[in-house]
Each structure stands twice: as structure tokens, then as C-alpha cells.
$ cat coords_22.txt   # compact mmCIF, C-alpha atoms
# COMPACT_ATOMS: atom_id res chain seq x y z
CA MET D 448 5.88 72.10 133.10
CA PHE D 449 6.02 74.84 135.72
CA ILE D 450 7.96 72.52 137.94
CA LEU D 451 10.56 71.79 135.26
CA VAL D 452 11.18 75.47 134.60
CA PHE D 453 11.11 76.72 138.19
CA ALA D 454 13.29 73.87 139.37
CA LEU D 455 15.86 74.57 136.68
CA VAL D 456 15.98 78.23 137.63
CA LEU D 457 16.41 77.24 141.25
CA ALA D 458 19.16 74.77 140.49
CA VAL D 459 21.02 77.33 138.36
CA LEU D 460 20.69 79.94 141.09
CA ARG D 461 22.23 77.55 143.53
CA SER D 462 25.16 76.83 141.24
CA LEU D 463 26.08 80.51 140.84
CA PRO D 464 29.56 81.19 142.15
CA GLY D 465 31.01 84.07 144.09
CA PRO D 466 29.89 86.18 147.02
CA VAL D 467 27.80 88.51 144.83
CA PHE D 468 25.23 85.79 144.37
CA PHE D 469 25.16 84.74 148.01
CA PRO D 470 21.62 86.08 148.67
CA LEU D 471 20.18 84.25 145.65
CA ARG D 472 22.04 81.09 146.54
CA ALA D 473 20.86 81.29 150.15
CA LEU D 474 17.28 81.84 149.02
CA ALA D 475 17.41 78.78 146.78
CA ILE D 476 18.83 76.68 149.61
CA VAL D 477 16.23 77.85 152.12
CA TYR D 478 13.47 77.13 149.62
CA ALA D 479 14.67 73.62 148.88
CA ASP D 480 15.26 72.84 152.56
CA PHE D 481 11.85 74.11 153.58
CA PHE D 482 9.68 72.45 150.97
CA ARG D 483 11.52 69.17 151.17
CA GLY D 484 11.32 69.20 154.95
CA VAL D 485 7.62 69.93 155.38
CA PRO D 486 5.24 67.05 154.61
CA THR D 487 3.41 67.59 151.35
CA ILE D 488 0.05 67.14 153.00
CA LEU D 489 0.87 69.96 155.43
CA VAL D 490 1.75 72.35 152.59
CA ILE D 491 -1.48 71.42 150.87
CA ALA D 492 -3.52 71.99 154.02
CA LEU D 493 -1.70 75.24 154.77
CA LEU D 494 -2.29 76.72 151.34
CA GLY D 495 -5.58 75.06 150.52
CA PHE D 496 -7.32 76.10 153.74
CA GLY D 497 -5.06 79.00 154.69
CA ALA D 498 -4.80 81.05 151.51
CA PRO D 499 -8.53 81.35 150.82
CA GLY D 500 -8.99 81.94 154.57
CA LEU D 501 -6.89 85.12 154.36
CA GLY D 502 -9.79 86.67 152.52
CA VAL D 503 -7.62 88.60 150.08
CA SER D 504 -10.04 89.48 147.32
CA TRP D 505 -7.84 88.86 144.27
CA MET D 506 -6.71 85.42 145.40
CA PRO D 507 -8.42 82.44 143.84
CA THR D 508 -10.35 80.30 146.29
CA SER D 509 -10.52 77.19 144.14
CA THR D 510 -9.21 74.20 146.05
CA THR D 511 -7.94 72.67 142.81
CA PHE D 512 -5.86 75.79 142.19
CA TRP D 513 -4.27 75.74 145.64
CA GLY D 514 -3.76 72.00 145.45
CA ILE D 515 -1.81 72.42 142.23
CA VAL D 516 0.17 75.35 143.64
CA SER D 517 1.17 73.27 146.66
CA LEU D 518 2.34 70.36 144.55
CA VAL D 519 4.30 72.69 142.27
CA LEU D 520 6.00 74.30 145.28
CA VAL D 521 6.93 70.97 146.86
CA TYR D 522 8.04 69.21 143.70
CA THR D 523 10.02 72.19 142.47
CA ALA D 524 12.16 71.72 145.55
CA TYR D 525 12.71 68.03 144.82
CA VAL D 526 13.29 68.47 141.13
CA SER D 527 15.72 71.35 141.65
CA GLU D 528 17.85 69.02 143.75
CA VAL D 529 17.80 66.47 140.95
CA TYR D 530 18.93 69.12 138.48
CA ARG D 531 21.62 70.27 140.85
CA ALA D 532 22.98 66.74 141.11
CA GLY D 533 23.03 66.71 137.30
CA ILE D 534 24.85 70.02 137.02
CA GLU D 535 27.43 68.94 139.55
CA SER D 536 27.96 65.66 137.74
CA VAL D 537 29.28 67.47 134.67
CA HIS D 538 33.05 67.40 135.04
CA PRO D 539 34.74 70.77 135.63
CA SER D 540 37.00 70.08 132.65
CA GLN D 541 33.95 70.56 130.42
CA GLU D 542 33.48 74.02 131.78
CA ALA D 543 37.20 74.73 131.40
CA ALA D 544 37.05 73.64 127.77
CA ALA D 545 34.10 75.91 127.04
CA ARG D 546 35.55 78.88 128.89
CA SER D 547 38.90 78.39 127.16
CA LEU D 548 37.13 79.02 123.85
CA GLY D 549 36.08 82.39 125.17
CA LEU D 550 32.49 81.47 125.96
CA GLY D 551 30.98 83.38 128.85
CA ARG D 552 29.62 81.78 131.99
CA GLY D 553 26.03 81.91 130.75
CA GLN D 554 26.90 80.54 127.33
CA THR D 555 28.89 77.75 128.93
CA LEU D 556 25.95 76.85 131.15
CA ARG D 557 23.51 76.92 128.27
CA HIS D 558 25.45 75.13 125.57
CA VAL D 559 27.74 72.82 127.49
CA VAL D 560 26.74 72.17 131.10
CA LEU D 561 22.93 72.08 131.08
CA PRO D 562 22.46 69.90 127.98
CA GLN D 563 24.65 67.24 129.56
CA ALA D 564 23.15 67.68 133.03
CA VAL D 565 19.55 67.40 131.84
CA ARG D 566 20.26 64.28 129.78
CA ARG D 567 21.74 62.62 132.82
CA VAL D 568 18.85 63.38 135.15
CA ILE D 569 15.95 62.37 132.89
CA PRO D 570 15.48 58.98 134.63
CA PRO D 571 15.41 60.40 138.17
CA LEU D 572 13.19 63.22 136.93
CA LEU D 573 10.64 60.75 135.62
CA ASN D 574 10.85 59.02 138.97
CA ASP D 575 9.81 62.27 140.62
CA PHE D 576 6.97 62.65 138.17
CA ILE D 577 5.61 59.28 139.12
CA GLY D 578 5.75 60.45 142.72
CA LEU D 579 4.02 63.69 141.83
CA GLN D 580 1.31 61.89 139.97
CA LYS D 581 0.59 59.73 143.03
CA ASP D 582 0.66 62.70 145.38
CA THR D 583 -2.27 64.29 143.57
CA ALA D 584 -4.31 62.01 145.84
CA LEU D 585 -3.26 64.26 148.74
CA VAL D 586 -5.06 67.23 147.24
CA GLY D 587 -8.21 65.33 148.15
CA VAL D 588 -7.96 66.55 151.73
CA LEU D 589 -9.02 69.96 150.46
CA GLY D 590 -12.17 68.53 149.02
CA ALA D 591 -11.03 68.85 145.44
CA VAL D 592 -12.35 65.79 143.73
CA GLU D 593 -9.56 63.63 142.41
CA ALA D 594 -9.57 59.88 141.88
CA PHE D 595 -9.09 58.77 145.49
CA ASN D 596 -11.66 61.20 146.77
CA GLN D 597 -14.18 60.13 144.16
CA SER D 598 -13.67 56.51 145.11
CA GLN D 599 -14.26 57.30 148.80
CA ILE D 600 -17.53 58.98 147.87
CA ASP D 601 -18.57 56.02 145.78
CA ALA D 602 -17.56 53.49 148.41
CA ALA D 603 -19.45 55.34 151.10
CA ALA D 604 -22.54 55.53 148.96
CA SER D 605 -22.66 51.88 148.05
CA PHE D 606 -20.89 50.09 151.00
CA ASN D 607 -18.78 48.51 148.30
CA PHE D 608 -15.02 48.92 148.17
CA THR D 609 -14.56 48.21 144.47
CA PRO D 610 -14.21 51.96 143.70
CA TYR D 611 -10.89 51.89 145.65
CA VAL D 612 -9.70 49.12 143.39
CA ALA D 613 -10.77 51.16 140.41
CA ALA D 614 -8.89 54.22 141.73
CA ALA D 615 -5.77 52.15 142.37
CA ALA D 616 -6.05 50.73 138.85
CA LEU D 617 -6.27 54.27 137.49
CA PHE D 618 -3.07 55.35 139.22
CA VAL D 619 -1.24 52.24 138.19
CA ALA D 620 -2.43 52.67 134.63
CA ILE D 621 -0.56 55.97 134.51
CA THR D 622 2.50 55.19 136.64
CA ILE D 623 3.39 51.85 135.07
CA PRO D 624 3.78 53.21 131.54
CA LEU D 625 5.87 56.06 132.98
CA ALA D 626 8.05 53.59 134.85
CA ARG D 627 8.53 51.47 131.71
CA PHE D 628 9.35 54.60 129.73
CA THR D 629 12.03 55.46 132.31
CA ASP D 630 13.49 51.96 132.02
CA TRP D 631 13.51 52.26 128.26
CA LEU D 632 15.37 55.59 128.40
CA LEU D 633 17.97 54.12 130.74
CA ALA D 634 18.46 51.11 128.50
CA ARG D 635 18.83 53.33 125.44
CA ASP D 636 21.45 55.45 127.19
CA ARG D 637 23.40 52.36 128.14
CA ARG D 638 23.25 51.04 124.59
CA ARG D 639 24.57 54.32 123.22
CA GLN D 640 27.46 54.46 125.63
CA GLN D 641 28.44 50.91 124.85
CA ALA D 642 28.28 51.62 121.14
CA GLY D 643 30.72 54.43 121.84
CA ARG D 644 33.09 52.18 123.72
CA LEU D 645 33.14 49.49 121.06
CA ALA D 646 33.91 51.91 118.26
CA MET N 1219 58.70 93.70 117.98
CA THR N 1220 56.71 92.80 121.07
CA ALA N 1221 56.74 89.20 122.17
CA ALA N 1222 53.73 87.01 121.43
CA LEU N 1223 53.79 86.00 125.06
CA GLU N 1224 55.61 87.63 127.92
CA ILE N 1225 55.48 86.24 131.43
CA ARG N 1226 57.10 88.08 134.31
CA ASP N 1227 57.67 86.76 137.82
CA LEU N 1228 54.55 84.60 137.80
CA HIS N 1229 53.55 83.08 141.14
CA LYS N 1230 50.73 80.64 141.78
CA SER N 1231 49.85 78.62 144.86
CA PHE N 1232 47.19 76.08 145.58
CA GLY N 1233 46.69 76.53 149.29
CA LYS N 1234 50.10 76.10 150.90
CA LEU N 1235 51.59 74.48 147.83
CA GLU N 1236 53.56 76.95 145.73
CA VAL N 1237 53.26 75.52 142.24
CA LEU N 1238 54.82 78.39 140.33
CA GLN N 1239 57.57 80.31 142.09
CA GLY N 1240 58.48 83.14 139.78
CA ILE N 1241 58.29 82.18 136.12
CA ASP N 1242 59.82 84.45 133.48
CA LEU N 1243 59.26 83.45 129.90
CA ASP N 1244 59.19 85.22 126.53
CA VAL N 1245 57.82 83.59 123.44
CA ALA N 1246 58.36 85.27 120.08
CA GLU N 1247 55.83 85.13 117.28
CA HIS N 1248 56.04 81.85 115.31
CA GLU N 1249 58.19 80.35 118.03
CA VAL N 1250 57.58 76.87 119.41
CA VAL N 1251 58.54 76.47 123.05
CA CYS N 1252 58.43 73.11 124.78
CA LEU N 1253 58.09 72.85 128.53
CA ILE N 1254 59.61 69.72 129.98
CA GLY N 1255 59.95 68.59 133.56
CA ALA N 1256 58.68 66.04 136.02
CA SER N 1257 54.99 65.72 136.90
CA GLY N 1258 54.11 68.40 139.38
CA SER N 1259 56.81 70.77 138.19
CA GLY N 1260 54.13 73.27 137.16
CA LYS N 1261 53.92 72.86 133.38
CA SER N 1262 50.13 72.44 133.24
CA THR N 1263 49.49 75.12 135.82
CA LEU N 1264 51.61 77.54 133.81
CA LEU N 1265 49.55 76.91 130.69
CA ARG N 1266 46.28 77.20 132.59
CA CYS N 1267 47.43 80.53 134.03
CA VAL N 1268 48.23 81.86 130.56
CA ASN N 1269 44.71 80.94 129.45
CA LEU N 1270 43.38 82.64 132.61
CA LEU N 1271 41.75 79.40 133.68
CA GLU N 1272 43.68 79.76 136.94
CA PRO N 1273 43.84 83.12 138.70
CA ILE N 1274 47.45 84.06 139.40
CA ASP N 1275 48.80 85.26 142.72
CA ALA N 1276 51.51 87.62 141.52
CA GLY N 1277 53.34 88.65 138.39
CA ARG N 1278 51.97 89.51 135.00
CA ILE N 1279 51.31 87.95 131.63
CA SER N 1280 51.16 89.90 128.37
CA VAL N 1281 50.07 88.72 124.95
CA HIS N 1282 51.29 90.81 122.02
CA GLY N 1283 52.03 93.64 124.41
CA GLU N 1284 48.64 93.64 126.10
CA GLU N 1285 48.71 92.79 129.77
CA ILE N 1286 46.03 90.14 130.16
CA THR N 1287 46.38 89.77 133.91
CA ALA N 1288 45.53 93.43 134.54
CA ARG N 1289 42.36 94.26 136.43
CA GLY N 1290 39.23 94.76 134.37
CA VAL N 1291 40.45 92.80 131.35
CA ASP N 1292 37.66 90.92 129.59
CA VAL N 1293 38.80 87.33 130.13
CA ASN N 1294 36.53 86.00 127.41
CA ARG N 1295 38.08 88.30 124.82
CA VAL N 1296 41.57 87.24 125.90
CA ARG N 1297 40.70 83.55 125.77
CA ARG N 1298 39.42 83.90 122.22
CA ARG N 1299 42.98 84.76 121.18
CA ILE N 1300 44.61 81.95 123.13
CA GLY N 1301 43.76 78.38 122.29
CA ILE N 1302 44.38 75.53 124.70
CA VAL N 1303 44.27 71.80 124.14
CA PHE N 1304 43.97 69.55 127.17
CA GLN N 1305 45.48 66.23 128.06
CA SER N 1306 42.04 64.63 128.33
CA PHE N 1307 40.62 66.22 125.12
CA ASN N 1308 37.54 67.59 126.92
CA LEU N 1309 35.40 67.44 123.81
CA PHE N 1310 31.71 68.09 124.37
CA PRO N 1311 30.18 64.60 124.35
CA HIS N 1312 26.67 65.76 123.50
CA MET N 1313 27.73 67.47 120.26
CA SER N 1314 28.86 66.14 116.92
CA VAL N 1315 32.45 66.76 115.85
CA LEU N 1316 31.45 69.66 113.64
CA ARG N 1317 29.38 71.29 116.38
CA ASN N 1318 32.27 70.89 118.83
CA VAL N 1319 34.44 72.78 116.38
CA THR N 1320 31.90 75.48 115.51
CA LEU N 1321 30.61 76.23 119.01
CA GLY N 1322 33.40 78.70 119.78
CA PRO N 1323 33.31 80.57 116.46
CA ARG N 1324 29.51 80.81 116.58
CA LYS N 1325 29.00 81.75 120.21
CA ALA N 1326 32.22 83.51 121.17
CA LEU N 1327 33.17 85.12 117.84
CA GLY N 1328 29.60 85.62 116.65
CA LEU N 1329 30.13 84.02 113.26
CA SER N 1330 27.06 82.91 111.34
CA ALA N 1331 26.37 79.19 111.39
CA ALA N 1332 27.29 78.94 107.71
CA ASP N 1333 30.63 80.76 108.12
CA ALA N 1334 31.51 78.78 111.23
CA GLU N 1335 30.69 75.52 109.48
CA ARG N 1336 32.76 76.43 106.46
CA ARG N 1337 35.70 77.26 108.69
CA GLY N 1338 35.20 74.11 110.75
CA ALA N 1339 34.80 71.85 107.73
CA ASP N 1340 37.94 73.28 106.09
CA LEU N 1341 39.99 72.61 109.21
CA LEU N 1342 38.59 69.10 109.69
CA ASP N 1343 39.42 68.44 106.06
CA ARG N 1344 42.95 69.72 106.48
CA PHE N 1345 43.59 67.33 109.35
CA GLY N 1346 41.99 64.28 107.75
CA LEU N 1347 38.81 64.35 109.82
CA ALA N 1348 36.36 65.26 107.08
CA GLU N 1349 34.30 62.04 107.29
CA LYS N 1350 34.08 62.34 111.07
CA ARG N 1351 32.23 65.65 111.13
CA GLY N 1352 28.87 64.05 111.96
CA GLU N 1353 30.20 61.56 114.51
CA TYR N 1354 30.00 61.96 118.26
CA PRO N 1355 33.26 62.12 120.23
CA ASP N 1356 32.62 58.81 122.03
CA ARG N 1357 32.77 56.99 118.73
CA LEU N 1358 36.24 58.28 117.83
CA SER N 1359 39.61 56.90 118.80
CA GLY N 1360 41.68 58.86 121.30
CA GLY N 1361 43.94 60.16 118.57
CA GLN N 1362 41.00 61.34 116.51
CA GLN N 1363 39.43 62.97 119.56
CA GLN N 1364 42.60 64.85 120.31
CA ARG N 1365 42.90 66.00 116.70
CA VAL N 1366 39.32 67.25 116.89
CA ALA N 1367 40.24 69.09 120.09
CA ILE N 1368 43.16 70.74 118.30
CA VAL N 1369 40.87 71.71 115.42
CA ARG N 1370 38.38 73.11 117.92
CA ALA N 1371 41.08 75.38 119.31
CA LEU N 1372 42.29 76.34 115.81
CA ALA N 1373 38.79 77.24 114.67
CA MET N 1374 39.08 80.30 116.90
CA GLN N 1375 42.13 81.36 114.84
CA PRO N 1376 44.14 82.01 117.98
CA ASP N 1377 47.36 84.05 118.11
CA LEU N 1378 48.81 81.53 120.48
CA LEU N 1379 48.20 77.85 121.02
CA LEU N 1380 48.86 76.10 124.33
CA LEU N 1381 49.15 72.33 124.33
CA ASP N 1382 48.98 70.59 127.69
CA GLU N 1383 50.49 67.09 127.48
CA VAL N 1384 48.18 66.36 124.59
CA THR N 1385 49.55 62.87 123.96
CA SER N 1386 49.76 61.68 127.56
CA ALA N 1387 46.30 60.09 127.55
CA LEU N 1388 46.81 58.31 124.23
CA ASP N 1389 47.79 54.75 123.41
CA PRO N 1390 51.35 54.70 122.04
CA GLU N 1391 50.28 53.88 118.50
CA LEU N 1392 48.00 56.92 118.40
CA VAL N 1393 50.62 59.42 119.55
CA ALA N 1394 52.18 59.86 116.11
CA GLU N 1395 49.04 61.14 114.38
CA VAL N 1396 48.61 63.87 116.99
CA LEU N 1397 52.28 64.84 116.96
CA GLY N 1398 52.03 64.99 113.16
CA VAL N 1399 49.31 67.62 113.43
CA ILE N 1400 51.42 69.69 115.84
CA ARG N 1401 54.45 69.41 113.54
CA GLU N 1402 52.37 70.70 110.68
CA LEU N 1403 51.20 73.63 112.80
CA ALA N 1404 54.80 74.41 113.75
CA THR N 1405 55.76 74.42 110.08
CA ALA N 1406 52.83 76.70 109.34
CA GLY N 1407 54.25 79.19 111.84
CA MET N 1408 51.80 78.81 114.72
CA THR N 1409 53.11 80.23 117.97
CA MET N 1410 52.92 77.41 120.47
CA VAL N 1411 53.79 76.58 124.04
CA ILE N 1412 53.81 72.83 124.50
CA ALA N 1413 54.01 70.97 127.78
CA THR N 1414 55.16 67.49 126.90
CA HIS N 1415 56.76 64.26 128.03
CA GLU N 1416 57.67 63.34 124.45
CA MET N 1417 61.32 64.28 124.52
CA GLY N 1418 62.07 63.11 121.01
CA PHE N 1419 59.25 65.27 119.74
CA ALA N 1420 60.41 68.26 121.77
CA ARG N 1421 63.91 67.88 120.35
CA ASP N 1422 62.56 67.83 116.79
CA VAL N 1423 59.90 70.47 116.85
CA ALA N 1424 60.88 73.01 119.51
CA HIS N 1425 62.86 76.14 118.85
CA ARG N 1426 63.50 76.35 122.54
CA VAL N 1427 63.12 73.93 125.43
CA CYS N 1428 62.47 75.03 129.02
CA PHE N 1429 63.13 72.68 131.88
CA LEU N 1430 60.77 73.33 134.77
CA ASP N 1431 61.66 72.19 138.24
CA ALA N 1432 59.71 72.97 141.42
CA GLY N 1433 57.85 75.88 139.89
CA ARG N 1434 60.82 77.57 138.25
CA ILE N 1435 62.37 77.52 134.81
CA LEU N 1436 65.69 76.06 135.82
CA GLU N 1437 67.27 75.95 132.40
CA GLN N 1438 66.31 76.88 128.87
CA GLY N 1439 67.88 76.87 125.47
CA PRO N 1440 67.80 75.33 122.02
CA PRO N 1441 66.89 71.63 122.14
CA HIS N 1442 70.34 70.36 121.14
CA GLU N 1443 71.89 72.19 124.10
CA ILE N 1444 69.32 71.08 126.65
CA PHE N 1445 69.28 67.46 125.53
CA SER N 1446 72.99 66.99 124.78
CA ALA N 1447 74.73 69.34 127.15
CA PRO N 1448 72.50 70.35 130.05
CA ARG N 1449 74.21 72.66 132.50
CA GLU N 1450 72.10 72.05 135.59
CA GLU N 1451 72.45 68.96 137.72
CA ARG N 1452 68.65 68.60 138.04
CA THR N 1453 68.21 68.70 134.28
CA LYS N 1454 70.84 66.00 133.88
CA GLN N 1455 69.10 63.82 136.47
CA PHE N 1456 65.72 64.33 134.84
CA LEU N 1457 67.01 63.50 131.37
CA GLN N 1458 68.89 60.51 132.73
CA ARG N 1459 65.65 59.14 134.16
CA ILE N 1460 63.97 59.62 130.80
CA VAL N 1461 66.83 57.82 129.03
CA ASP N 1462 66.70 55.02 131.60
CA ALA N 1463 63.02 54.62 130.91
CA GLY N 1464 63.84 54.22 127.23
CA ARG N 1465 61.89 57.32 126.24
CA LEU N 1466 64.68 59.27 124.52
$ encode --input "coords_22.txt" --output "C-alpha cells"
Amino acid sequence: MFILVFALVLAVLRSLPGPVFFPLRALAIVYADFFRGVPTILVIALLGFGAPGLGVSWMPTSTTFWGIVSLVLVYTAYVSEVYRAGIESVHPSQEAAARSLGLGRGQTLRHVVLPQAVRRVIPPLLNDFIGLQKDTALVGVLGAVEAFNQSQIDAAASFNFTPYVAAAALFVAITIPLARFTDWLLARDRRRQQAGRLA
Amino acid sequence: MTAALEIRDLHKSFGKLEVLQGIDLDVAEHEVVCLIGASGSGKSTLLRCVNLLEPIDAGRISVHGEEITARGVDVNRVRRRIGIVFQSFNLFPHMSVLRNVTLGPRKALGLSAADAERRGADLLDRFGLAEKRGEYPDRLSGGQQQRVAIVRALAMQPDLLLLDEVTSALDPELVAEVLGVIRELATAGMTMVIATHEMGFARDVAHRVCFLDAGRILEQGPPHEIFSAPREERTKQFLQRIVDAGRL
């Protein structure tokens, strides 16, 4: 959820025109470049070990918390790029049509550009969510107990590697339905467009 | 009486290309002016400048005496008074016909949903689109889409309507229904500036025809003069090409 909202804000920031918004645009670009460039596991290690290590009293020390924060930061960068692709895929003539009616820039973005952009990027967004779901395994390096970590513990305790199989099955049990859901959405979109063409 | 539209010495360039090289044009209230000329002569750019979709380089444009190209003018307020219909319809594909038509009145004019819908439904009814109000644009024919686009512009109750080659993207058999709508608007006294390649239509419906060539209005006058007795050599050549193509 956080990711969806932050990423959208970031993508909108980056689409703002004119020199006035240069600082915001630059900030959004730097953010996306940085968090897409640094390996996820490094961000997790940096925040998960680093942030509690700063010893700032009001900061949470929970590894789960920092693990989630890291994933949100990284995936916001990815997802914002997906949104941006969506926004840029909406033809400028759509914006011209909305502006010609006297709608402001914000209204145009809200009622005309974003609804079309978001519809178009739902399949790639779900793709990122499958990725995100898998990357939760990385949080394990912090010691937060997620599925992979739990299976390592179990395997070590019993000299039996079945727990890995169980963990893999768990991941697949979540990602496969998501993948099928994505396929279904794509197929539905195609059907609708064809219905439009036949009419 | 001030002119509905007054353009003085309008210049517009895209990079090195000077598209408009000093346009002067007055349009009176209830007047229908057709812009003719070859592709690239600046017809579309002129219309887009009037709607402030393109920033101009020099000159000024006034609507009902108010200079709309002055600094600090609220472009959104100006655009609410000037409707434009595009060659490629540009309907919003994610909205039903009725929502396409009511978006402007609701969001730009601040009408209540009920008022906007009443206005939209009345207009759709008037132009034979009543049953299509719930449909999505993709399911309509080109002619229907363009009529919806015209209704969308009309729903703002503009003082001035700009039509940018609105039949150029249509199959020949669909052109008539759209031209019919424009004829009706002309009869109803709508002030219109129409860029068109439909010479027969321009001859019938226009009060005045302007021939644009290389970013200038080379010749203008009542349609019978322009089409039967053009003074300029370039106009003659242009019209001859149209006649040769069997379009007049």
C-alpha cells in the first residue's frame, strides 16, 4: 500500500513540467536512480543493522520494521518508474483535450491522465509485487524470521532439507496465483479492446 | 460591437520553422469562418494558438474585446469560453459518453453532477446520441465519436467554437453526419472558425473563407468569390489541385 502511494507521488513529481519544479524533479530522479542501483540486500543490511546501531532513542530497533522499510524504499523506486512509463504512455492529445475544456493541470492529471496510466500499468505492477513478495526472503539476513529463515533453522536442527521445499512451496503458493491473476487481467483488457474494435 | 475574435499580427514558430508569419483575422459574433489551405499552411496551429494550447511568439489575440494572450491571464478561464474539436476526436477512452461530456461542466465550471448530466443529456439528445450515453468511445463509430467530441465542447457553452479538420480522420460515408451537426450549429448562430479540407462544405456553410499559405492569410472573402474568382495565383493553384482530385 505504502509503495503504491509513495511511488505514485514520486512518478507525478517527476512528470511536473517547468523550471520551478526542477528541485522536486531532481530529487525524484536521484531517489529512483539510487534505490534501483543499490542491491536490495545492501539496503536491508544498511538500514537493518545501521539504523538501530545509530542509537537514536526514538527509532524502532525491530528488524522486521527496518526490513519492511527497506523493501518499501527499494520497491517505491521500481514502482514509480512503472507509473512513469504509464503516465508517459498517455498520448499528449488527451491532455490537450482536457486542458481545452478549461481543466487545470491537476484536474487533468487526476481525471484524465492517471486513470488511463494506472489501468495500463496494472500488469507490470503485479509483476513487481511478485518480485517484492519473493524479496521478503532477503529480510532474513537481519535475523527477522521469515519463511526462508525458518526453513534454514528447521533444516539445521534436523539435518533434513525438506523445510526448504516447504518454504519454496509457500512462496510459489502465493506467487503463482498472483501471476495467473496478472494473466487474467491482461486477457480481459485484450478482450475489451477487441470488443471495441469490432463494434 | 467588438469582434468575437480578433487576431493581430500573430507569429508562431516551432524551432526554426515559422508556421504562422503574421496572421490578422477578425471574426464577428455568429460568423462562420472557414480556413482552407494545404497541409502545413498553419490552419491547425492557428486554432491551437487561439485556444492557448500553443504559446505564441508575437502578436495578440482578443476574444470579445478581452486580450487573452496578455500576461497573467487565467488560461483555464479563457479556455472555458473557447471550445475546440480535434481531428482525432481525443475522447477520454476510460469514460462513458455522458461522463466525457460532463467532465468539463463539472470540473471546470463547477456544475453539480445533476445539472451537468441534464445539460449533457439534452445535448446528446439534440444530436441523436441519446442511446449512446452509457457507451464507451471505443464502441462508437468514428462519426459518432466526433459528434460526441462536438457535444463535449458544446457542453461548456462556449462563445466560440474551433473545429480542426474534424472530418479528416473519418471514413467518407461518416463525414456527412458530422458536417450535418456543424451546419445545424451554424444555423443556430454559433460563432465558429473551421479548418477544413471539405471545400464543398466550406462553400455552403462559411460566411467567409480564408486561404492560408505559408503561415499567412493570402486571400479572404465570401465563399463564392474565393471559389469562383480567386485573385491570387496560389489560391488558384490550390483550388485547381482540389478540383483535379475530384474534391470540389
$ axis_aligned_box --input "coords_22.txt" --around "region 533-552 of chain D" --padding-each-side "3 Å" --output "JSON"
{"center_x": 31.0, "center_y": 74.5, "center_z": 131.7, "size_x": 21.9, "size_y": 23.7, "size_z": 21.7}
$ closest_residue --input "coords_22.txt" --among "D:Thr510, D:Gln554, D:Asn596, D:Ser540" --to "Leu1309 (chain N)" --atoms "all atoms listed in the file"
D:Ser540
$ interface_residues --input "coords_22.txt" --of "chain N" --to "chain D" --cutoff "10 Å" --atoms "only C-alpha atoms" --output "compact mmCIF listing (two decimals) with C-alpha atoms, in the coordinates of the input"
# COMPACT_ATOMS: atom_id res chain seq x y z
CA ARG N 1266 46.28 77.20 132.59
CA ASN N 1269 44.71 80.94 129.45
CA LEU N 1270 43.38 82.64 132.61
CA LEU N 1271 41.75 79.40 133.68
CA GLU N 1272 43.68 79.76 136.94
CA ASP N 1292 37.66 90.92 129.59
CA VAL N 1293 38.80 87.33 130.13
CA ASN N 1294 36.53 86.00 127.41
CA ARG N 1295 38.08 88.30 124.82
CA VAL N 1296 41.57 87.24 125.90
CA ARG N 1297 40.70 83.55 125.77
CA ARG N 1298 39.42 83.90 122.22
CA ARG N 1299 42.98 84.76 121.18
CA ILE N 1300 44.61 81.95 123.13
CA GLY N 1301 43.76 78.38 122.29
CA ILE N 1302 44.38 75.53 124.70
CA VAL N 1303 44.27 71.80 124.14
CA PHE N 1304 43.97 69.55 127.17
CA SER N 1306 42.04 64.63 128.33
CA PHE N 1307 40.62 66.22 125.12
CA ASN N 1308 37.54 67.59 126.92
CA LEU N 1309 35.40 67.44 123.81
CA PHE N 1310 31.71 68.09 124.37
CA PRO N 1311 30.18 64.60 124.35
CA HIS N 1312 26.67 65.76 123.50
CA MET N 1313 27.73 67.47 120.26
CA ASN N 1318 32.27 70.89 118.83
CA LEU N 1321 30.61 76.23 119.01
CA GLY N 1322 33.40 78.70 119.78
CA PRO N 1323 33.31 80.57 116.46
CA ARG N 1324 29.51 80.81 116.58
CA LYS N 1325 29.00 81.75 120.21
CA ALA N 1326 32.22 83.51 121.17
CA LEU N 1327 33.17 85.12 117.84
CA TYR N 1354 30.00 61.96 118.26
CA PRO N 1355 33.26 62.12 120.23
CA ASP N 1356 32.62 58.81 122.03
CA ARG N 1357 32.77 56.99 118.73
CA LEU N 1358 36.24 58.28 117.83
CA SER N 1359 39.61 56.90 118.80
CA ALA N 1367 40.24 69.09 120.09
CA ARG N 1370 38.38 73.11 117.92
CA ALA N 1371 41.08 75.38 119.31
CA LEU N 1372 42.29 76.34 115.81
CA ALA N 1373 38.79 77.24 114.67
CA MET N 1374 39.08 80.30 116.90
CA PRO N 1376 44.14 82.01 117.98
$ residues_around --input "coords_22.txt" --residues "Ala1420 (chain N)" --least-positions-apart "3" --cutoff "10 Å" --atoms "all atoms listed in the file" --output "PyMOL selection string"
chain N and resi 1250-1254+1412-1417+1423-1427+1441+1445
$ residues_around --input "coords_22.txt" --residues "Pro1273 (chain N)" --least-positions-apart "6" --cutoff "12 Å" --atoms "all atoms listed in the file" --output "list in words"
Leu1228, His1229, Lys1230, Ser1231, Phe1232, Thr1263, Leu1264, Leu1265, Arg1266, Cys1267, Ile1279, Ile1286, Thr1287, Ala1288, Arg1289 and Val1293 of chain N
$ residues_near_point --input "coords_22.txt" --point "(4.0, 68.7, 144.0)" --cutoff "10 Å" --atoms "all atoms listed in the file" --output "PyMOL selection string"
chain D and resi 450+482+487-488+490-491+514-526+575-576+578-583+585-586
$ atom_distance --input "coords_22.txt" --atom1 "CA of Ala1276 (chain N)" --atom2 "CA of Gln1375 (chain N)"
29.0 Å
$ atom_distance --input "coords_22.txt" --atom1 "CA of Ala492 (chain D)" --atom2 "CA of Asp480 (chain D)"
18.9 Å
$ atom_distance --input "coords_22.txt" --atom1 "CA of Leu1379 (chain N)" --atom2 "CA of Met1410 (chain N)"
4.8 Å
$ residues_near_point --input "coords_22.txt" --point "(-5.3, 81.4, 149.2)" --cutoff "10 Å" --atoms "all atoms listed in the file" --output "list of chain:residue names"
D:Leu493, D:Leu494, D:Gly495, D:Phe496, D:Gly497, D:Ala498, D:Pro499, D:Gly500, D:Leu501, D:Gly502, D:Val503, D:Ser504, D:Trp505, D:Met506, D:Pro507, D:Thr508, D:Ser509, D:Thr510, D:Phe512, D:Trp513, D:Val516
